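Engineer: See structure-v2.txt below, with compact mmCIF, N, CA and C atoms and all ligand atoms.
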```
# COMPACT_ATOMS: atom_id res chain seq x y z
N MET A 1 43.97 71.58 -68.89
CA MET A 1 44.95 70.68 -68.30
C MET A 1 44.36 69.28 -68.20
N ARG A 2 45.17 68.31 -68.52
CA ARG A 2 44.72 66.92 -68.44
C ARG A 2 44.52 66.54 -66.97
N PRO A 3 43.38 65.90 -66.66
CA PRO A 3 43.18 65.49 -65.26
C PRO A 3 44.28 64.52 -64.83
N LEU A 4 44.71 64.67 -63.61
CA LEU A 4 45.77 63.82 -63.10
C LEU A 4 45.19 62.58 -62.44
N ARG A 5 46.05 61.62 -62.28
CA ARG A 5 45.72 60.46 -61.46
C ARG A 5 46.60 60.54 -60.23
N ALA A 6 46.07 60.09 -59.13
CA ALA A 6 46.86 60.10 -57.89
C ALA A 6 46.90 58.69 -57.34
N HIS A 7 48.06 58.33 -56.84
CA HIS A 7 48.20 57.02 -56.19
C HIS A 7 48.58 57.23 -54.74
N ALA A 8 47.79 56.65 -53.84
CA ALA A 8 48.07 56.76 -52.41
C ALA A 8 48.17 55.38 -51.80
N PRO A 9 49.32 55.06 -51.17
CA PRO A 9 49.46 53.75 -50.55
C PRO A 9 48.43 53.56 -49.43
N HIS A 10 48.12 52.30 -49.16
CA HIS A 10 47.11 51.96 -48.15
C HIS A 10 47.42 52.58 -46.79
N GLU A 11 48.70 52.53 -46.37
CA GLU A 11 49.07 53.05 -45.04
C GLU A 11 48.80 54.55 -44.95
N LEU A 12 49.01 55.24 -46.06
CA LEU A 12 48.78 56.69 -46.06
C LEU A 12 47.29 57.00 -45.90
N ARG A 13 46.45 56.22 -46.57
CA ARG A 13 44.99 56.42 -46.44
C ARG A 13 44.54 56.18 -45.00
N THR A 14 45.05 55.08 -44.42
CA THR A 14 44.70 54.74 -43.04
C THR A 14 45.14 55.85 -42.10
N ASP A 15 46.34 56.35 -42.31
CA ASP A 15 46.90 57.42 -41.49
C ASP A 15 46.01 58.67 -41.57
N LEU A 16 45.58 59.02 -42.78
CA LEU A 16 44.74 60.21 -42.97
C LEU A 16 43.40 60.05 -42.24
N LEU A 17 42.79 58.88 -42.36
CA LEU A 17 41.50 58.65 -41.69
C LEU A 17 41.66 58.70 -40.17
N GLU A 18 42.76 58.15 -39.66
CA GLU A 18 42.99 58.17 -38.22
C GLU A 18 43.20 59.59 -37.71
N ARG A 19 43.94 60.38 -38.48
CA ARG A 19 44.17 61.77 -38.07
C ARG A 19 42.87 62.57 -38.12
N ALA A 20 42.04 62.27 -39.12
CA ALA A 20 40.75 62.95 -39.23
C ALA A 20 39.88 62.61 -38.02
N ARG A 21 39.87 61.35 -37.62
CA ARG A 21 39.08 60.93 -36.45
C ARG A 21 39.60 61.60 -35.18
N ALA A 22 40.93 61.65 -35.06
CA ALA A 22 41.53 62.21 -33.84
C ALA A 22 41.22 63.70 -33.70
N ALA A 23 41.08 64.40 -34.82
CA ALA A 23 40.86 65.86 -34.78
C ALA A 23 39.39 66.21 -34.58
N ALA A 24 38.47 65.31 -34.90
CA ALA A 24 37.03 65.59 -34.82
C ALA A 24 36.68 66.05 -33.41
N PRO A 25 35.76 67.01 -33.21
CA PRO A 25 34.88 67.56 -34.25
C PRO A 25 35.51 68.63 -35.13
N ARG A 26 36.80 68.91 -34.94
CA ARG A 26 37.44 69.88 -35.83
C ARG A 26 37.98 69.16 -37.06
N GLU A 27 38.28 69.93 -38.09
CA GLU A 27 38.86 69.35 -39.30
C GLU A 27 40.37 69.24 -39.12
N ALA A 28 40.93 68.15 -39.60
CA ALA A 28 42.38 67.99 -39.63
C ALA A 28 42.86 68.48 -40.99
N CYS A 29 44.12 68.93 -41.08
CA CYS A 29 44.60 69.43 -42.37
C CYS A 29 46.11 69.36 -42.44
N GLY A 30 46.61 69.43 -43.64
CA GLY A 30 48.05 69.40 -43.83
C GLY A 30 48.43 69.33 -45.28
N LEU A 31 49.67 68.94 -45.51
CA LEU A 31 50.20 68.87 -46.87
C LEU A 31 50.47 67.43 -47.26
N LEU A 32 50.51 67.20 -48.57
CA LEU A 32 50.82 65.88 -49.11
C LEU A 32 52.18 65.95 -49.78
N LEU A 33 53.02 64.98 -49.47
CA LEU A 33 54.36 64.95 -50.03
C LEU A 33 54.50 63.75 -50.96
N GLY A 34 55.30 63.93 -51.98
CA GLY A 34 55.49 62.84 -52.92
C GLY A 34 56.24 63.32 -54.14
N ARG A 35 55.88 62.72 -55.29
CA ARG A 35 56.55 63.16 -56.52
C ARG A 35 55.61 63.03 -57.69
N ARG A 36 55.90 63.83 -58.68
CA ARG A 36 55.12 63.81 -59.92
C ARG A 36 55.74 62.82 -60.88
N THR A 37 54.92 62.02 -61.51
CA THR A 37 55.38 61.07 -62.51
C THR A 37 54.64 61.37 -63.81
N PRO A 38 55.06 60.77 -64.93
CA PRO A 38 54.33 61.02 -66.18
C PRO A 38 52.86 60.62 -66.08
N ASP A 39 52.53 59.68 -65.20
CA ASP A 39 51.15 59.20 -65.06
C ASP A 39 50.32 60.03 -64.10
N GLY A 40 50.96 60.84 -63.29
CA GLY A 40 50.19 61.59 -62.31
C GLY A 40 51.02 61.90 -61.09
N ILE A 41 50.41 61.68 -59.94
CA ILE A 41 51.08 62.02 -58.69
C ILE A 41 51.17 60.80 -57.80
N GLU A 42 52.38 60.56 -57.32
CA GLU A 42 52.64 59.45 -56.41
C GLU A 42 52.74 60.03 -54.99
N LEU A 43 51.73 59.76 -54.17
CA LEU A 43 51.77 60.28 -52.81
C LEU A 43 52.62 59.37 -51.94
N GLU A 44 53.50 59.96 -51.13
CA GLU A 44 54.40 59.15 -50.32
C GLU A 44 54.20 59.34 -48.82
N SER A 45 53.94 60.56 -48.42
CA SER A 45 53.76 60.80 -46.99
C SER A 45 52.98 62.09 -46.79
N LEU A 46 52.69 62.38 -45.53
CA LEU A 46 51.91 63.58 -45.24
C LEU A 46 52.56 64.37 -44.12
N ALA A 47 52.21 65.63 -44.08
CA ALA A 47 52.57 66.48 -42.94
C ALA A 47 51.26 67.02 -42.39
N GLU A 48 51.02 66.82 -41.09
CA GLU A 48 49.82 67.41 -40.49
C GLU A 48 50.20 68.77 -39.93
N LEU A 49 49.39 69.78 -40.23
CA LEU A 49 49.68 71.14 -39.77
C LEU A 49 48.53 71.61 -38.88
N PRO A 50 48.80 72.59 -38.01
CA PRO A 50 47.72 73.09 -37.15
C PRO A 50 46.60 73.72 -37.98
N ASN A 51 45.38 73.45 -37.56
CA ASN A 51 44.22 74.08 -38.21
C ASN A 51 43.95 75.40 -37.49
N ARG A 52 44.15 76.52 -38.21
CA ARG A 52 44.03 77.84 -37.58
C ARG A 52 42.64 78.43 -37.70
N ALA A 53 41.70 77.67 -38.30
CA ALA A 53 40.34 78.20 -38.46
C ALA A 53 39.68 78.40 -37.12
N ARG A 54 38.81 79.41 -37.02
CA ARG A 54 38.14 79.68 -35.75
C ARG A 54 36.88 78.83 -35.59
N THR A 55 36.32 78.36 -36.70
CA THR A 55 35.10 77.55 -36.60
C THR A 55 35.45 76.08 -36.84
N ALA A 56 34.57 75.21 -36.35
CA ALA A 56 34.85 73.77 -36.40
C ALA A 56 34.73 73.21 -37.82
N ASP A 57 33.83 73.80 -38.63
CA ASP A 57 33.59 73.21 -39.95
C ASP A 57 34.42 73.89 -41.03
N ALA A 58 35.68 74.17 -40.72
CA ALA A 58 36.56 74.82 -41.69
C ALA A 58 38.00 74.48 -41.36
N PHE A 59 38.87 74.76 -42.31
CA PHE A 59 40.29 74.64 -41.99
C PHE A 59 41.03 75.80 -42.62
N GLU A 60 42.13 76.14 -41.99
CA GLU A 60 42.94 77.25 -42.47
C GLU A 60 44.40 76.94 -42.16
N LEU A 61 45.23 76.98 -43.20
CA LEU A 61 46.66 76.74 -42.99
C LEU A 61 47.36 78.08 -42.83
N GLU A 62 48.29 78.09 -41.89
CA GLU A 62 49.09 79.30 -41.66
C GLU A 62 50.28 79.28 -42.62
N PRO A 63 50.51 80.37 -43.37
CA PRO A 63 51.61 80.39 -44.35
C PRO A 63 52.96 79.99 -43.76
N LEU A 64 53.24 80.40 -42.52
CA LEU A 64 54.55 80.05 -41.94
C LEU A 64 54.65 78.55 -41.68
N ASP A 65 53.53 77.93 -41.29
CA ASP A 65 53.52 76.47 -41.10
C ASP A 65 53.78 75.77 -42.44
N VAL A 66 53.16 76.30 -43.49
CA VAL A 66 53.32 75.71 -44.83
C VAL A 66 54.77 75.83 -45.28
N LEU A 67 55.34 76.99 -45.06
CA LEU A 67 56.73 77.23 -45.45
C LEU A 67 57.67 76.26 -44.74
N ALA A 68 57.48 76.09 -43.43
CA ALA A 68 58.33 75.18 -42.66
C ALA A 68 58.18 73.75 -43.17
N ALA A 69 56.95 73.34 -43.50
CA ALA A 69 56.72 71.99 -44.00
C ALA A 69 57.34 71.81 -45.38
N GLU A 70 57.28 72.86 -46.19
CA GLU A 70 57.89 72.78 -47.53
C GLU A 70 59.39 72.63 -47.42
N ARG A 71 59.99 73.38 -46.48
CA ARG A 71 61.45 73.29 -46.29
C ARG A 71 61.83 71.89 -45.82
N ALA A 72 61.06 71.33 -44.87
CA ALA A 72 61.35 69.99 -44.35
C ALA A 72 61.20 68.96 -45.47
N ALA A 73 60.20 69.14 -46.33
CA ALA A 73 59.99 68.21 -47.43
C ALA A 73 61.18 68.24 -48.39
N LEU A 74 61.61 69.44 -48.74
CA LEU A 74 62.75 69.58 -49.65
C LEU A 74 64.00 68.96 -49.06
N ALA A 75 64.20 69.17 -47.75
CA ALA A 75 65.38 68.63 -47.08
C ALA A 75 65.39 67.11 -47.12
N SER A 76 64.20 66.49 -47.19
CA SER A 76 64.14 65.03 -47.24
C SER A 76 63.96 64.53 -48.68
N GLY A 77 64.17 65.42 -49.64
CA GLY A 77 64.13 65.02 -51.05
C GLY A 77 62.73 64.83 -51.59
N ARG A 78 61.73 65.39 -50.90
CA ARG A 78 60.36 65.25 -51.37
C ARG A 78 59.81 66.60 -51.78
N GLU A 79 58.67 66.52 -52.44
CA GLU A 79 58.05 67.72 -52.96
C GLU A 79 56.63 67.81 -52.38
N VAL A 80 56.19 69.02 -52.11
CA VAL A 80 54.80 69.20 -51.69
C VAL A 80 53.95 69.14 -52.96
N VAL A 81 53.08 68.14 -53.04
CA VAL A 81 52.28 67.94 -54.26
C VAL A 81 50.82 68.28 -54.06
N GLY A 82 50.45 68.61 -52.83
CA GLY A 82 49.05 68.94 -52.60
C GLY A 82 48.77 69.15 -51.14
N ALA A 83 47.49 69.29 -50.85
CA ALA A 83 47.05 69.50 -49.48
C ALA A 83 45.90 68.55 -49.17
N TRP A 84 45.67 68.31 -47.90
CA TRP A 84 44.57 67.42 -47.49
C TRP A 84 43.84 68.06 -46.32
N HIS A 85 42.57 67.73 -46.18
CA HIS A 85 41.83 68.11 -44.97
C HIS A 85 40.62 67.21 -44.83
N SER A 86 40.03 67.24 -43.64
CA SER A 86 38.91 66.33 -43.38
C SER A 86 37.60 67.09 -43.26
N HIS A 87 36.52 66.39 -43.56
CA HIS A 87 35.17 66.86 -43.30
C HIS A 87 34.56 65.90 -42.28
N VAL A 88 34.01 66.46 -41.22
CA VAL A 88 33.46 65.61 -40.18
C VAL A 88 32.09 65.07 -40.58
N ASP A 89 31.22 65.98 -41.03
CA ASP A 89 29.84 65.57 -41.32
C ASP A 89 29.39 66.03 -42.70
N ALA A 90 30.29 65.97 -43.66
CA ALA A 90 29.97 66.35 -45.04
C ALA A 90 30.66 65.36 -45.97
N PRO A 91 30.20 65.28 -47.21
CA PRO A 91 30.86 64.36 -48.14
C PRO A 91 32.31 64.76 -48.43
N ALA A 92 33.06 63.87 -49.05
CA ALA A 92 34.47 64.13 -49.38
C ALA A 92 34.58 64.95 -50.66
N VAL A 93 33.85 66.05 -50.69
CA VAL A 93 33.76 66.93 -51.86
C VAL A 93 34.16 68.33 -51.40
N PRO A 94 34.97 69.05 -52.18
CA PRO A 94 35.40 70.38 -51.75
C PRO A 94 34.20 71.33 -51.60
N SER A 95 34.20 72.10 -50.51
CA SER A 95 33.16 73.11 -50.32
C SER A 95 33.51 74.34 -51.16
N VAL A 96 32.57 75.28 -51.25
CA VAL A 96 32.83 76.52 -51.99
C VAL A 96 34.06 77.21 -51.41
N ARG A 97 34.14 77.23 -50.08
CA ARG A 97 35.28 77.87 -49.43
C ARG A 97 36.58 77.12 -49.75
N ASP A 98 36.50 75.77 -49.78
CA ASP A 98 37.69 74.98 -50.14
C ASP A 98 38.17 75.36 -51.53
N LEU A 99 37.23 75.50 -52.47
CA LEU A 99 37.60 75.81 -53.85
C LEU A 99 38.24 77.19 -53.93
N ALA A 100 37.70 78.14 -53.16
CA ALA A 100 38.23 79.50 -53.18
C ALA A 100 39.65 79.54 -52.64
N GLY A 101 39.95 78.64 -51.68
CA GLY A 101 41.26 78.68 -51.05
C GLY A 101 42.24 77.67 -51.60
N ALA A 102 41.84 76.93 -52.63
CA ALA A 102 42.70 75.86 -53.15
C ALA A 102 43.96 76.44 -53.77
N GLY A 103 45.10 76.16 -53.13
CA GLY A 103 46.35 76.71 -53.63
C GLY A 103 47.19 75.70 -54.38
N TYR A 104 46.98 74.44 -54.09
CA TYR A 104 47.80 73.41 -54.71
C TYR A 104 46.99 72.63 -55.73
N GLY A 105 47.69 71.97 -56.64
CA GLY A 105 47.02 71.21 -57.67
C GLY A 105 46.13 70.11 -57.13
N LEU A 106 46.67 69.35 -56.20
CA LEU A 106 45.93 68.19 -55.69
C LEU A 106 45.35 68.50 -54.32
N SER A 107 44.06 68.21 -54.17
CA SER A 107 43.41 68.40 -52.89
C SER A 107 42.73 67.11 -52.50
N LEU A 108 43.14 66.55 -51.38
CA LEU A 108 42.53 65.30 -50.90
C LEU A 108 41.56 65.64 -49.79
N VAL A 109 40.33 65.18 -49.92
CA VAL A 109 39.33 65.45 -48.88
C VAL A 109 38.89 64.12 -48.26
N ILE A 110 38.92 64.09 -46.94
CA ILE A 110 38.53 62.90 -46.19
C ILE A 110 37.16 63.16 -45.58
N SER A 111 36.22 62.25 -45.77
CA SER A 111 34.92 62.38 -45.11
C SER A 111 34.80 61.32 -44.03
N LEU A 112 34.61 61.78 -42.78
CA LEU A 112 34.40 60.81 -41.70
C LEU A 112 33.02 60.20 -41.82
N ARG A 113 32.05 61.01 -42.25
CA ARG A 113 30.69 60.51 -42.38
C ARG A 113 30.63 59.37 -43.40
N ALA A 114 31.29 59.55 -44.53
CA ALA A 114 31.26 58.54 -45.58
C ALA A 114 32.42 57.54 -45.46
N ASN A 115 33.35 57.82 -44.53
CA ASN A 115 34.52 56.98 -44.35
C ASN A 115 35.26 56.76 -45.67
N GLU A 116 35.51 57.87 -46.37
CA GLU A 116 36.21 57.75 -47.65
C GLU A 116 37.11 58.95 -47.91
N LEU A 117 38.02 58.74 -48.87
CA LEU A 117 38.94 59.78 -49.32
C LEU A 117 38.69 59.98 -50.81
N ARG A 118 38.65 61.25 -51.23
CA ARG A 118 38.55 61.53 -52.65
C ARG A 118 39.54 62.62 -53.03
N ALA A 119 40.04 62.54 -54.25
CA ALA A 119 41.08 63.48 -54.71
C ALA A 119 40.50 64.44 -55.74
N TRP A 120 40.90 65.70 -55.63
CA TRP A 120 40.36 66.75 -56.48
C TRP A 120 41.45 67.66 -57.01
N GLN A 121 41.16 68.21 -58.18
CA GLN A 121 41.98 69.29 -58.71
C GLN A 121 40.98 70.39 -59.01
N GLY A 122 40.88 71.36 -58.12
CA GLY A 122 39.76 72.29 -58.20
C GLY A 122 38.48 71.51 -57.99
N ALA A 123 37.51 71.68 -58.89
CA ALA A 123 36.22 70.97 -58.77
C ALA A 123 36.21 69.68 -59.57
N VAL A 124 37.34 69.33 -60.18
CA VAL A 124 37.41 68.12 -61.00
C VAL A 124 37.93 66.96 -60.15
N GLU A 125 37.17 65.87 -60.12
CA GLU A 125 37.62 64.72 -59.34
C GLU A 125 38.69 63.94 -60.08
N LEU A 126 39.70 63.54 -59.35
CA LEU A 126 40.80 62.76 -59.94
C LEU A 126 40.61 61.30 -59.59
N GLU A 127 41.17 60.46 -60.42
CA GLU A 127 41.18 59.04 -60.11
C GLU A 127 42.18 58.81 -58.98
N LEU A 128 41.70 58.18 -57.92
CA LEU A 128 42.58 57.89 -56.78
C LEU A 128 42.75 56.38 -56.68
N ALA A 129 43.97 55.92 -56.94
CA ALA A 129 44.23 54.48 -56.96
C ALA A 129 45.11 54.09 -55.79
ZN ZN A 201 36.56 71.33 -46.81
```
Please rewrite the model in this file as structure tokens.

Structural biologist:
Amino acid sequence: MRPLRAHAPHELRTDLLERARAAAPREACGLLLGRRTPDGIELESLAELPNRARTADAFELEPLDVLAAERAALASGREVVGAWHSHVDAPAVPSVRDLAGAGYGLSLVISLRANELRAWQGAVELELA
């Protein structure tokens, strides 16, 4: 598969970093809404979902939460194009556990330590513009 490009508006990046800070020391997580274009993925907004993981350095989405967010996205004419979560004290790179649980094409990882966002499709980094 050809690597995708993702475009995230400035306000969306700021929002993600703020949510990551607010959730620390736990990881924040949720879904990314937007649309697919011939060039890649246009991110438009996010849905933050409860982190059901029992440990601080992990995240876990509950299927019923995901379903409700998908329904809300469809009702507003948007599509779930990926998922996002934060790392408090690790780089913005998917962990082995993240890779095992990756269900969506696009995975955005926020690192509070590095103060950055990076986009992934599995273990392949995407261009984030
Ligand atoms: Zn992670």

Engineer: Counting only C-alpha atoms and all ligand atoms, name the residues that have an atom within 6 Å of an atom of ligand ZN 201 (chain A); the answer should be given as a list in words.

Structural biologist: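 The distance check yields His87, Pro94, Ser95 and Asp98 of chain A.
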
Engineer: Among chain A, which residues carry a DSSP assignment of strand (DSSP E or B), reported as a JSON list (two decimals) with N, CA and C atoms, keeping the file's coordinate frame?

Structural biologist:
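out-v6.json, written as the output of this step:
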```json
[["chain", "number", "residue", "atom", "x", "y", "z"],
["A", 5, "ARG", "N", 46.05, 61.62, -62.28],
["A", 5, "ARG", "CA", 45.72, 60.46, -61.46],
["A", 5, "ARG", "C", 46.60, 60.54, -60.23],
["A", 6, "ALA", "N", 46.07, 60.09, -59.13],
["A", 6, "ALA", "CA", 46.86, 60.10, -57.89],
["A", 6, "ALA", "C", 46.90, 58.69, -57.34],
["A", 7, "HIS", "N", 48.06, 58.33, -56.84],
["A", 7, "HIS", "CA", 48.20, 57.02, -56.19],
["A", 7, "HIS", "C", 48.58, 57.23, -54.74],
["A", 29, "CYS", "N", 44.12, 68.93, -41.08],
["A", 29, "CYS", "CA", 44.60, 69.43, -42.37],
["A", 29, "CYS", "C", 46.11, 69.36, -42.44],
["A", 30, "GLY", "N", 46.61, 69.43, -43.64],
["A", 30, "GLY", "CA", 48.05, 69.40, -43.83],
["A", 30, "GLY", "C", 48.43, 69.33, -45.28],
["A", 31, "LEU", "N", 49.67, 68.94, -45.51],
["A", 31, "LEU", "CA", 50.20, 68.87, -46.87],
["A", 31, "LEU", "C", 50.47, 67.43, -47.26],
["A", 32, "LEU", "N", 50.51, 67.20, -48.57],
["A", 32, "LEU", "CA", 50.82, 65.88, -49.11],
["A", 32, "LEU", "C", 52.18, 65.95, -49.78],
["A", 33, "LEU", "N", 53.02, 64.98, -49.47],
["A", 33, "LEU", "CA", 54.36, 64.95, -50.03],
["A", 33, "LEU", "C", 54.50, 63.75, -50.96],
["A", 34, "GLY", "N", 55.30, 63.93, -51.98],
["A", 34, "GLY", "CA", 55.49, 62.84, -52.92],
["A", 34, "GLY", "C", 56.24, 63.32, -54.14],
["A", 35, "ARG", "N", 55.88, 62.72, -55.29],
["A", 35, "ARG", "CA", 56.55, 63.16, -56.52],
["A", 35, "ARG", "C", 55.61, 63.03, -57.69],
["A", 36, "ARG", "N", 55.90, 63.83, -58.68],
["A", 36, "ARG", "CA", 55.12, 63.81, -59.92],
["A", 36, "ARG", "C", 55.74, 62.82, -60.88],
["A", 37, "THR", "N", 54.92, 62.02, -61.51],
["A", 37, "THR", "CA", 55.38, 61.07, -62.51],
["A", 37, "THR", "C", 54.64, 61.37, -63.81],
["A", 40, "GLY", "N", 50.96, 60.84, -63.29],
["A", 40, "GLY", "CA", 50.19, 61.59, -62.31],
["A", 40, "GLY", "C", 51.02, 61.90, -61.09],
["A", 41, "ILE", "N", 50.41, 61.68, -59.94],
["A", 41, "ILE", "CA", 51.08, 62.02, -58.69],
["A", 41, "ILE", "C", 51.17, 60.80, -57.80],
["A", 42, "GLU", "N", 52.38, 60.56, -57.32],
["A", 42, "GLU", "CA", 52.64, 59.45, -56.41],
["A", 42, "GLU", "C", 52.74, 60.03, -54.99],
["A", 43, "LEU", "N", 51.73, 59.76, -54.17],
["A", 43, "LEU", "CA", 51.77, 60.28, -52.81],
["A", 43, "LEU", "C", 52.62, 59.37, -51.94],
["A", 44, "GLU", "N", 53.50, 59.96, -51.13],
["A", 44, "GLU", "CA", 54.40, 59.15, -50.32],
["A", 44, "GLU", "C", 54.20, 59.34, -48.82],
["A", 45, "SER", "N", 53.94, 60.56, -48.42],
["A", 45, "SER", "CA", 53.76, 60.80, -46.99],
["A", 45, "SER", "C", 52.98, 62.09, -46.79],
["A", 46, "LEU", "N", 52.69, 62.38, -45.53],
["A", 46, "LEU", "CA", 51.91, 63.58, -45.24],
["A", 46, "LEU", "C", 52.56, 64.37, -44.12],
["A", 47, "ALA", "N", 52.21, 65.63, -44.08],
["A", 47, "ALA", "CA", 52.57, 66.48, -42.94],
["A", 47, "ALA", "C", 51.26, 67.02, -42.39],
["A", 48, "GLU", "N", 51.02, 66.82, -41.09],
["A", 48, "GLU", "CA", 49.82, 67.41, -40.49],
["A", 48, "GLU", "C", 50.20, 68.77, -39.93],
["A", 49, "LEU", "N", 49.39, 69.78, -40.23],
["A", 49, "LEU", "CA", 49.68, 71.14, -39.77],
["A", 49, "LEU", "C", 48.53, 71.61, -38.88],
["A", 79, "GLU", "N", 58.67, 66.52, -52.44],
["A", 79, "GLU", "CA", 58.05, 67.72, -52.96],
["A", 79, "GLU", "C", 56.63, 67.81, -52.38],
["A", 80, "VAL", "N", 56.19, 69.02, -52.11],
["A", 80, "VAL", "CA", 54.80, 69.20, -51.69],
["A", 80, "VAL", "C", 53.95, 69.14, -52.96],
["A", 81, "VAL", "N", 53.08, 68.14, -53.04],
["A", 81, "VAL", "CA", 52.28, 67.94, -54.26],
["A", 81, "VAL", "C", 50.82, 68.28, -54.06],
["A", 82, "GLY", "N", 50.45, 68.61, -52.83],
["A", 82, "GLY", "CA", 49.05, 68.94, -52.60],
["A", 82, "GLY", "C", 48.77, 69.15, -51.14],
["A", 83, "ALA", "N", 47.49, 69.29, -50.85],
["A", 83, "ALA", "CA", 47.05, 69.50, -49.48],
["A", 83, "ALA", "C", 45.90, 68.55, -49.17],
["A", 84, "TRP", "N", 45.67, 68.31, -47.90],
["A", 84, "TRP", "CA", 44.57, 67.42, -47.49],
["A", 84, "TRP", "C", 43.84, 68.06, -46.32],
["A", 85, "HIS", "N", 42.57, 67.73, -46.18],
["A", 85, "HIS", "CA", 41.83, 68.11, -44.97],
["A", 85, "HIS", "C", 40.62, 67.21, -44.83],
["A", 86, "SER", "N", 40.03, 67.24, -43.64],
["A", 86, "SER", "CA", 38.91, 66.33, -43.38],
["A", 86, "SER", "C", 37.60, 67.09, -43.26],
["A", 87, "HIS", "N", 36.52, 66.39, -43.56],
["A", 87, "HIS", "CA", 35.17, 66.86, -43.30],
["A", 87, "HIS", "C", 34.56, 65.90, -42.28],
["A", 106, "LEU", "N", 46.67, 69.35, -56.20],
["A", 106, "LEU", "CA", 45.93, 68.19, -55.69],
["A", 106, "LEU", "C", 45.35, 68.50, -54.32],
["A", 107, "SER", "N", 44.06, 68.21, -54.17],
["A", 107, "SER", "CA", 43.41, 68.40, -52.89],
["A", 107, "SER", "C", 42.73, 67.11, -52.50],
["A", 108, "LEU", "N", 43.14, 66.55, -51.38],
["A", 108, "LEU", "CA", 42.53, 65.30, -50.90],
["A", 108, "LEU", "C", 41.56, 65.64, -49.79],
["A", 109, "VAL", "N", 40.33, 65.18, -49.92],
["A", 109, "VAL", "CA", 39.33, 65.45, -48.88],
["A", 109, "VAL", "C", 38.89, 64.12, -48.26],
["A", 110, "ILE", "N", 38.92, 64.09, -46.94],
["A", 110, "ILE", "CA", 38.53, 62.90, -46.19],
["A", 110, "ILE", "C", 37.16, 63.16, -45.58],
["A", 111, "SER", "N", 36.22, 62.25, -45.77],
["A", 111, "SER", "CA", 34.92, 62.38, -45.11],
["A", 111, "SER", "C", 34.80, 61.32, -44.03],
["A", 116, "GLU", "N", 35.51, 57.87, -46.37],
["A", 116, "GLU", "CA", 36.21, 57.75, -47.65],
["A", 116, "GLU", "C", 37.11, 58.95, -47.91],
["A", 117, "LEU", "N", 38.02, 58.74, -48.87],
["A", 117, "LEU", "CA", 38.94, 59.78, -49.32],
["A", 117, "LEU", "C", 38.69, 59.98, -50.81],
["A", 118, "ARG", "N", 38.65, 61.25, -51.23],
["A", 118, "ARG", "CA", 38.55, 61.53, -52.65],
["A", 118, "ARG", "C", 39.54, 62.62, -53.03],
["A", 119, "ALA", "N", 40.04, 62.54, -54.25],
["A", 119, "ALA", "CA", 41.08, 63.48, -54.71],
["A", 119, "ALA", "C", 40.50, 64.44, -55.74],
["A", 120, "TRP", "N", 40.90, 65.70, -55.63],
["A", 120, "TRP", "CA", 40.36, 66.75, -56.48],
["A", 120, "TRP", "C", 41.45, 67.66, -57.01],
["A", 121, "GLN", "N", 41.16, 68.21, -58.18],
["A", 121, "GLN", "CA", 41.98, 69.29, -58.71],
["A", 121, "GLN", "C", 40.98, 70.39, -59.01],
["A", 124, "VAL", "N", 37.34, 69.33, -60.18],
["A", 124, "VAL", "CA", 37.41, 68.12, -61.00],
["A", 124, "VAL", "C", 37.93, 66.96, -60.15],
["A", 125, "GLU", "N", 37.17, 65.87, -60.12],
["A", 125, "GLU", "CA", 37.62, 64.72, -59.34],
["A", 125, "GLU", "C", 38.69, 63.94, -60.08],
["A", 126, "LEU", "N", 39.70, 63.54, -59.35],
["A", 126, "LEU", "CA", 40.80, 62.76, -59.94],
["A", 126, "LEU", "C", 40.61, 61.30, -59.59],
["A", 127, "GLU", "N", 41.17, 60.46, -60.42],
["A", 127, "GLU", "CA", 41.18, 59.04, -60.11],
["A", 127, "GLU", "C", 42.18, 58.81, -58.98],
["A", 128, "LEU", "N", 41.70, 58.18, -57.92],
["A", 128, "LEU", "CA", 42.58, 57.89, -56.78],
["A", 128, "LEU", "C", 42.75, 56.38, -56.68]]
```

Engineer: When you look at range 59-64 of chain A with a cut-off of 8 Å (counting all atoms listed in the file), what residues show up, excluding the ones that are within fewer than 2 positions of it in the same chain? I need them as a VMD selection string.

Structural biologist: chain A and resid 26 to 30 49 to 57 66 to 70 85 to 86 98

Engineer: Assign secondary structure with DSSP using the backbone only, and return the residues of chain A in helix (DSSP H, G or I) as a ChimeraX atom specification.

Structural biologist: /A:10-23,63-75,96-101

Engineer: Just give me the gap between CA of Glu48 in chain A and atom C of Asp65 in chain A in Å, one decimal is fine.

Structural biologist: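 Separation between CA of Glu48 in chain A and atom C of Asp65 in chain A: 9.5 Å.
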
Engineer: Show me, as a PyMOL selection string, the residues that have an atom within 7 Å of range 5-18 of chain A when counting all atoms listed in the file, minus same-chain residues fewer than 3 positions from it.

Structural biologist: chain A and resi 2+21-23+39-46+110+126-129

Engineer: Between A:Ala90, A:Leu106, A:Leu99, A:Ala73, which is the closest to Ala123 in chain A once you count all atoms listed in the file?

Structural biologist: A:Leu99

Engineer: To one decimal in Å, tell me the separation between CA of Arg118 in chain A and CA of Val93 in chain A.

Structural biologist: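 For CA of Arg118 in chain A relative to CA of Val93 in chain A, the distance reads 7.3 Å.
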
Engineer: Calculated over only C-alpha atoms, which of the candidates A:Ser107, A:Leu74, A:Gly101, A:Pro91 has the smallest distance to Trp120 in chain A?

Structural biologist: A:Ser107

Engineer: Quote the spacing between CA of Gly105 in chain A and CA of Gly34 in chain A in Å to one decimal place.

Structural biologist: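 Atom-to-atom, CA of Gly105 in chain A to CA of Gly34 in chain A, that is 12.8 Å.
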
Engineer: From the list A:Val88, A:Ala100, A:Val80, A:Ala47, which residue is nearest Leu112 in chain A when using only N, CA and C atoms?

Structural biologist: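 Going through A:Val88, A:Ala100, A:Val80, A:Ala47 one by one, the smallest distance to Leu112 in chain A is for A:Val88.
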